[in-house]
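Chemist: Next up is a structure, given as structure tokens.
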Amino acid sequence: MTRISVTVDGVQYQDDVEPRTLLVHYLREQLGKVGTVVGCDTSNCGACTVMMTGTSGRHSVKSCTVLAVQADGREVVTIEGLADMNGGADRAGRLHPMQQAFHEQHALQCGFCTPGMIMEAVDLLEANPDPTDEQIREGLEGNLCRCTGYQNIVRAVHAAAAATRGAEPEPAPEDVVPGPQP
Amino acid sequence: MTVTEERPAAEVGHARRRKEDARLITGRTMWTDNITLPGMLHLAILRSPMAHARIATIDVGPARELPGVIAAFSGRDLAEDMASLPCAWPVTEDMVHPDHLPLAVDEVRHTGEAVAVVAARDRASALDGLEAIEVDYDELPVVLDMEAALADGADLVHADKGTNKSFTWVFDSAEAGSGGNVADALDGAEVKLSRRYVQQRLIPAYMEPRSVVVDPTGDVFTVWSATQIPHILRLMIAMTTGTPEHKVRVVAPDVGGGFGGKLQVTPEELIAFHVARRIGKPVKHTETRSESMQATHHGRDQIQFIDLTARRDGTVTGLNVRLLANMGAYLGLVTPGVPILGAFMYNAIYKIPAYRFECTGVFTNTAWTDAYRGAGRPEATYAIERIVDELAAELGLDPMEVRRKNWINHDEFPFTTVAGLTYDSGNYEAATDKATQLFGYDELRREQAARRESGDLVQLGIGISTYTEMCGLAPSRVLGALRYGAGGWESATVRVLPTGKVEVVTGTSPHGQGHETAWSQIVADQLGVPFEDVEVLHGDTRTSVRGLDTYGSRSLAVGGTALVKACQKVIKNAKRIAAHMLEASEDDLEFADGTWRVRGTPDAGKTIAECALAVFTSHDLPDGIEPNLDADATHDPENFSFPHGTHLCAAEVDTETGWVNIRKYAAVDDVGRVINPLIVEGQVHGGIAQGVAQALFEEAVYDESGNLMTGTFVDYTVPSAADLPAFDTDRTETPATGHPLGAKGVGEAGTIASTPAVVNAVVDALRPLGVNDVRMPCTPERVWQAIQEARR
Ligand code: FES
Ligand code: FES
């Protein structure tokens, strides 16, 4: 057992962990942070993606590729703490712009990929505030979604980018959903 | 009168944002794997590394010695408790149906088959326990190839059955009286095409791995499972474990995708149940992705021999289909029925005078196959849409023209097909016209001609798929005639609470489809209550007592109709109450916007909420009135529904590397009346993506000793965002006629439509090089090989 000290979603924890324990299992099983999920055992699906502060700032990581001990002294943000990530300004139950955009643009169906997808998309925008379709698709390549065909996820990332820049929001889906309207 | 102002004029048809999202985007979701109960043990399952072997010896003793391990069982230890997993669809009377025990006892028949289970205090200790189990296997010959499996003297998957053939099922339009004799059509044909298509094996690959928790400590057994079918699972647990049905409660909490892959009664569910019952403690099993790839049922895996006959003007005269369907090692819940569903779809949207279909189910030493998005219908649609393109090429006609010549015209509905189904409605012309416009068909054809002319290394192909499908499963009578073990009805309950809020219980079991939202929209319109005031309950057999669950694009067409019927009963129940309160005769009342009003006196009215409060207090009700508005309804459809549409794909194919790039994809679907266009669009996108994945990316491959070579997401290439294009989608709306909602179903349409559209495009690009088929998935390697073979 190794003692670690880690801040998760703004709360500081000190815990003894097995050296082999993965960060995702520490989050889910020791902290009860079950918002972060496991979709594979080969680090291909991205369902487990969280943000972690490192020497080069805050970045997304697949929490199944990190040992809990490697999170010692770091700060981790999961989907559960995302809305509060930037200093708690959003504590009044508001959503992070990316969460809002996923909802508005119908970028999820079963929602299993969604926590990881949102975290990765947030990271993508932090690196590139105004990405092209292709940059979004490439940037999310490590996150699999079986339900949506990705099209609305791309749309949501654009919408969140626009909202973050304070630009004109994406047209709401009523306007862009084609077909006969009621 | 308290109908709120914010409510749109009609909820139905409105692109409501989903209610479900709130928990899903914030990580407050209840996945089965999130469940932790006091004293709960974690299960790990030992799986066979052999495709076919006798279990000579198995010793779980050493595992039991390990710290943290509480119990360990081999198949032999649980043999007395276990019964065969169910197959609910014996398609023929003499179908060969081998036993399929949750844990193998004497013999394993596919890699990944469960042979032992360890229960431990934590997951890591359970995994350590697996390492300690000693098994000696005596290898047996492995049967993998379907055609070889049927040859005389073939090695057998089930030696005691004496054959690898499970069944042969035949439909002949001459015998059924729905058409002519195919032999005649074949004899006198001006043109006859014969093709062999291979439907590769696919893995459903839902993103949430299967997980099950069983709690035996209460008065009833409670089973939480990541399943599409809590109701069927409850029944099957009762039937196969001897537990009285009322002592089993099944809950499907949030379920992360299914696509048919969770339409199963799984070995893992039953193993967990048996272990929990034996040791009297709650247990949980969550599969790893690698386990999921090996041990979840697979989809497709058929060889299709298809003959199409026609006149030289392109008029189709006959269709003959012979199918080999890989069952895998065992029969799952609906394994044999999957290819049979396809039998009714080979004739597709075409008026074909004579049709014969024959399917043989074959056992092999592979994971068993079963439902996967579309289940039988994608395979059928692929074969017919591919061969219609081949006919056009053979005759030098535009493939769209050949389709127009043969399809059912919009003024010919209802139309009884050569397969004996009656298509109630459709308009193939309208969908096709819209799609060709959206796509820019003529312009892309011009570009194709130019590239052909100039000998461009990157050729352009245009693929067409004018598909239909049968969904809204299903009329119980038809299911009975097809020897399916259950009915096809669906059920709903509507409860109006004293405050006017509404609880809806549905027998459908969503796992991403957004029923909570769509059902709320329907109820809001029916009862005139705000969308927000409706709560939709599902997936728990204690609250949702009656139901047949979610698959086959049935939930809205069947479950939604049950919901409308229940609402209508509530409205009717409220009428007597309203009449009493308004001191009017029931005959003078009319219902609109959630309010019973006296005709001609628009100001005097009672809302459903007011009636609900009145029955709650019951202080002043006339004699003989039951103080209750709530209602149950069950709907058994009279017919299937038949979504259709036209999908067009333009693919650029690099003739030097075999690389395929989808340049444009346009889809116009007619799924009937739309409750929520946002959800429909999402279903279409996801459906197309899965069909494209079959066309270009995915294949489950076994090596010659029966090891699954594509056992992880590294080798089984589920497409990422970077692999897929954007899709241009639009709709036409020809309502279904069999029920008040007019909805047809959308869950499977995109998957059924898109695979042939993409492969037709790839082949079309390469046709000038002499290529007339590329085997799926059309990877660069396969495409390149096809080009090389054509050159030879
Ligand atoms: S769980 Fe799949 S990448 Fe981490
Ligand atoms: S929404 Fe289901 S996997 Fe992405």
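In the structure tokens, the first chain shown is A, the next is B, and so on; residue numbers restart at 1 for each chain, and ligands run from 1 in the order shown.
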Considering only helix (DSSP H, G or I) as DSSP defines it on the backbone, what residues of segment 663-748 of chain B qualify? List them as a PyMOL selection string.

Modeler: chain B and resi 677-696+721-723

Chemist: DSSP says strand (DSSP E) for which residues of segment 204-350 of chain B? Put them as a PDB file with C-alpha atoms, in the first residue's frame?

Modeler:
```
ATOM      1  CA  SER B 211     -22.659  -6.292 -15.981  1.00  0.00           C
ATOM      2  CA  VAL B 212     -24.921  -8.147 -13.600  1.00  0.00           C
ATOM      3  CA  VAL B 213     -25.594  -7.932  -9.864  1.00  0.00           C
ATOM      4  CA  VAL B 214     -27.656 -10.552  -8.065  1.00  0.00           C
ATOM      5  CA  ASP B 215     -28.917 -10.038  -4.533  1.00  0.00           C
ATOM      6  CA  PHE B 221     -33.985 -12.440  -5.836  1.00  0.00           C
ATOM      7  CA  THR B 222     -33.132  -9.044  -7.269  1.00  0.00           C
ATOM      8  CA  VAL B 223     -31.141  -9.043 -10.472  1.00  0.00           C
ATOM      9  CA  TRP B 224     -29.737  -5.851 -11.941  1.00  0.00           C
ATOM     10  CA  SER B 225     -28.442  -6.371 -15.417  1.00  0.00           C
ATOM     11  CA  VAL B 248     -37.514 -12.803  -9.153  1.00  0.00           C
ATOM     12  CA  ARG B 249     -37.228  -9.094  -9.760  1.00  0.00           C
ATOM     13  CA  VAL B 250     -35.125  -7.858 -12.654  1.00  0.00           C
ATOM     14  CA  VAL B 251     -33.944  -4.292 -13.030  1.00  0.00           C
ATOM     15  CA  VAL B 283     -22.522 -10.934  -6.247  1.00  0.00           C
ATOM     16  CA  LYS B 284     -21.477  -8.781  -9.176  1.00  0.00           C
ATOM     17  CA  HIS B 285     -19.918  -9.693 -12.482  1.00  0.00           C
ATOM     18  CA  THR B 286     -18.759  -7.051 -14.931  1.00  0.00           C
ATOM     19  CA  GLY B 299     -24.012 -10.965 -35.394  1.00  0.00           C
ATOM     20  CA  ARG B 300     -24.428 -11.655 -39.142  1.00  0.00           C
ATOM     21  CA  ASP B 301     -22.069 -14.424 -40.409  1.00  0.00           C
ATOM     22  CA  GLN B 302     -23.980 -15.807 -43.338  1.00  0.00           C
ATOM     23  CA  ILE B 303     -23.124 -17.020 -46.806  1.00  0.00           C
ATOM     24  CA  GLN B 304     -25.761 -15.965 -49.304  1.00  0.00           C
ATOM     25  CA  PHE B 305     -26.286 -17.649 -52.665  1.00  0.00           C
ATOM     26  CA  ILE B 306     -28.660 -15.554 -54.660  1.00  0.00           C
ATOM     27  CA  ASP B 307     -30.077 -15.942 -58.183  1.00  0.00           C
ATOM     28  CA  LEU B 308     -31.952 -13.098 -59.809  1.00  0.00           C
ATOM     29  CA  THR B 309     -33.762 -13.502 -63.092  1.00  0.00           C
ATOM     30  CA  ALA B 310     -34.980 -10.692 -65.315  1.00  0.00           C
ATOM     31  CA  VAL B 316     -37.157  -8.756 -62.451  1.00  0.00           C
ATOM     32  CA  THR B 317     -38.917 -12.103 -62.882  1.00  0.00           C
ATOM     33  CA  GLY B 318     -37.656 -14.261 -60.053  1.00  0.00           C
ATOM     34  CA  LEU B 319     -35.508 -14.469 -56.945  1.00  0.00           C
ATOM     35  CA  ASN B 320     -33.959 -17.545 -55.426  1.00  0.00           C
ATOM     36  CA  VAL B 321     -32.029 -17.346 -52.168  1.00  0.00           C
ATOM     37  CA  ARG B 322     -30.083 -20.054 -50.416  1.00  0.00           C
ATOM     38  CA  LEU B 323     -28.515 -19.160 -47.152  1.00  0.00           C
ATOM     39  CA  LEU B 324     -26.041 -20.710 -44.798  1.00  0.00           C
ATOM     40  CA  ALA B 325     -26.375 -19.076 -41.402  1.00  0.00           C
ATOM     41  CA  ASN B 326     -23.674 -19.609 -38.816  1.00  0.00           C
ATOM     42  CA  MET B 327     -25.302 -20.381 -35.491  1.00  0.00           C
ATOM     43  CA  GLY B 328     -21.966 -20.649 -33.705  1.00  0.00           C
TER      44      GLY B 328
END
```

Chemist: Please, which residues in chain A fall within 10 Å of ligand 1 when counting only C-alpha atoms and all ligand atoms, and what is the closest atom pair and distance in Å to one decimal for each, ordered by chain then residue number, as a tab-separated table?

Modeler:
```
residue	atom	partner	partner_atom_place_in_ligand_line	distance
A:Leu22	CA	ligand 1	4 (Fe)	10.0
A:Leu23	CA	ligand 1	4 (Fe)	10.0
A:Val24	CA	ligand 1	4 (Fe)	7.9
A:Thr36	CA	ligand 1	1 (S)	9.2
A:Val37	CA	ligand 1	1 (S)	6.8
A:Val38	CA	ligand 1	1 (S)	3.9
A:Gly39	CA	ligand 1	1 (S)	4.3
A:Cys40	CA	ligand 1	2 (Fe)	3.9
A:Asp41	CA	ligand 1	2 (Fe)	5.9
A:Thr42	CA	ligand 1	2 (Fe)	6.3
A:Ser43	CA	ligand 1	3 (S)	3.4
A:Asn44	CA	ligand 1	3 (S)	4.5
A:Cys45	CA	ligand 1	2 (Fe)	3.9
A:Gly46	CA	ligand 1	3 (S)	3.9
A:Ala47	CA	ligand 1	1 (S)	5.3
A:Cys48	CA	ligand 1	4 (Fe)	4.5
A:Thr49	CA	ligand 1	4 (Fe)	6.6
A:Val50	CA	ligand 1	4 (Fe)	9.8
A:Val61	CA	ligand 1	4 (Fe)	8.8
A:Lys62	CA	ligand 1	4 (Fe)	5.1
A:Ser63	CA	ligand 1	4 (Fe)	5.9
A:Cys64	CA	ligand 1	4 (Fe)	4.3
A:Thr65	CA	ligand 1	4 (Fe)	6.5
A:Val66	CA	ligand 1	4 (Fe)	9.3
A:Cys113	CA	ligand 1	2 (Fe)	9.5
A:Gly116	CA	ligand 1	4 (Fe)	8.8
A:Gly142	CA	ligand 1	3 (S)	7.7
A:Asn143	CA	ligand 1	3 (S)	7.5
A:Leu144	CA	ligand 1	2 (Fe)	8.6
```

Chemist: Once you count only C-alpha atoms and all ligand atoms, which residues end up within 9 Å of ligand 2, and could you hand them over as an mmCIF file with C-alpha atoms, in the first residue's frame?

Modeler:
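The file below, part18.cif, is the result:
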```cif
data_model
loop_
_atom_site.group_PDB
_atom_site.id
_atom_site.type_symbol
_atom_site.label_atom_id
_atom_site.label_comp_id
_atom_site.auth_asym_id
_atom_site.auth_seq_id
_atom_site.Cartn_x
_atom_site.Cartn_y
_atom_site.Cartn_z
ATOM 1 C CA ALA A 47 -14.691 6.243 -21.792
ATOM 2 C CA ALA A 107 -24.588 14.510 -28.922
ATOM 3 C CA LEU A 108 -25.373 11.476 -26.800
ATOM 4 C CA GLN A 109 -27.708 8.540 -26.836
ATOM 5 C CA CYS A 110 -26.892 5.845 -24.293
ATOM 6 C CA GLY A 111 -24.439 8.246 -22.688
ATOM 7 C CA PHE A 112 -21.800 5.691 -21.794
ATOM 8 C CA CYS A 113 -19.090 7.330 -23.869
ATOM 9 C CA THR A 114 -20.287 10.773 -22.853
ATOM 10 C CA MET A 117 -16.091 12.305 -24.718
ATOM 11 C CA ASN A 143 -12.856 8.172 -27.860
ATOM 12 C CA LEU A 144 -15.283 5.634 -29.271
ATOM 13 C CA CYS A 145 -19.003 6.130 -29.447
ATOM 14 C CA ARG A 146 -21.186 3.330 -30.755
ATOM 15 C CA CYS A 147 -24.467 5.250 -30.750
ATOM 16 C CA THR A 148 -24.247 8.648 -32.376
ATOM 17 C CA GLY A 149 -22.158 8.278 -35.515
ATOM 18 C CA TYR A 150 -20.243 11.287 -34.076
ATOM 19 C CA TYR B 206 -22.007 -1.627 -27.263
ATOM 20 C CA MET B 207 -19.869 0.723 -25.202
ATOM 21 C CA GLU B 208 -21.028 -0.379 -21.766
ATOM 22 C CA GLY B 256 -25.143 1.756 -22.248
ATOM 23 C CA GLY B 257 -26.212 0.630 -25.674
ATOM 24 C CA HIS B 511 -30.829 1.885 -23.537
ATOM 25 C CA GLY B 512 -30.086 5.102 -25.387
#
```

Chemist: So which one's closest to Ile153 of chain A, A:Ile118, A:Pro131, A:Leu125, A:Val8? Using only C-alpha atoms, please.

Modeler: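 Smallest separation from Ile153 of chain A among the options: A:Ile118.
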
Chemist: For Ile384 of chain B, which residue among B:His635, B:Ile349, B:Asp773, B:Ile35 is the nearest when counting only C-alpha atoms?

Modeler: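 Using only C-alpha atoms, the shortest distance to Ile384 of chain B belongs to B:Ile349.
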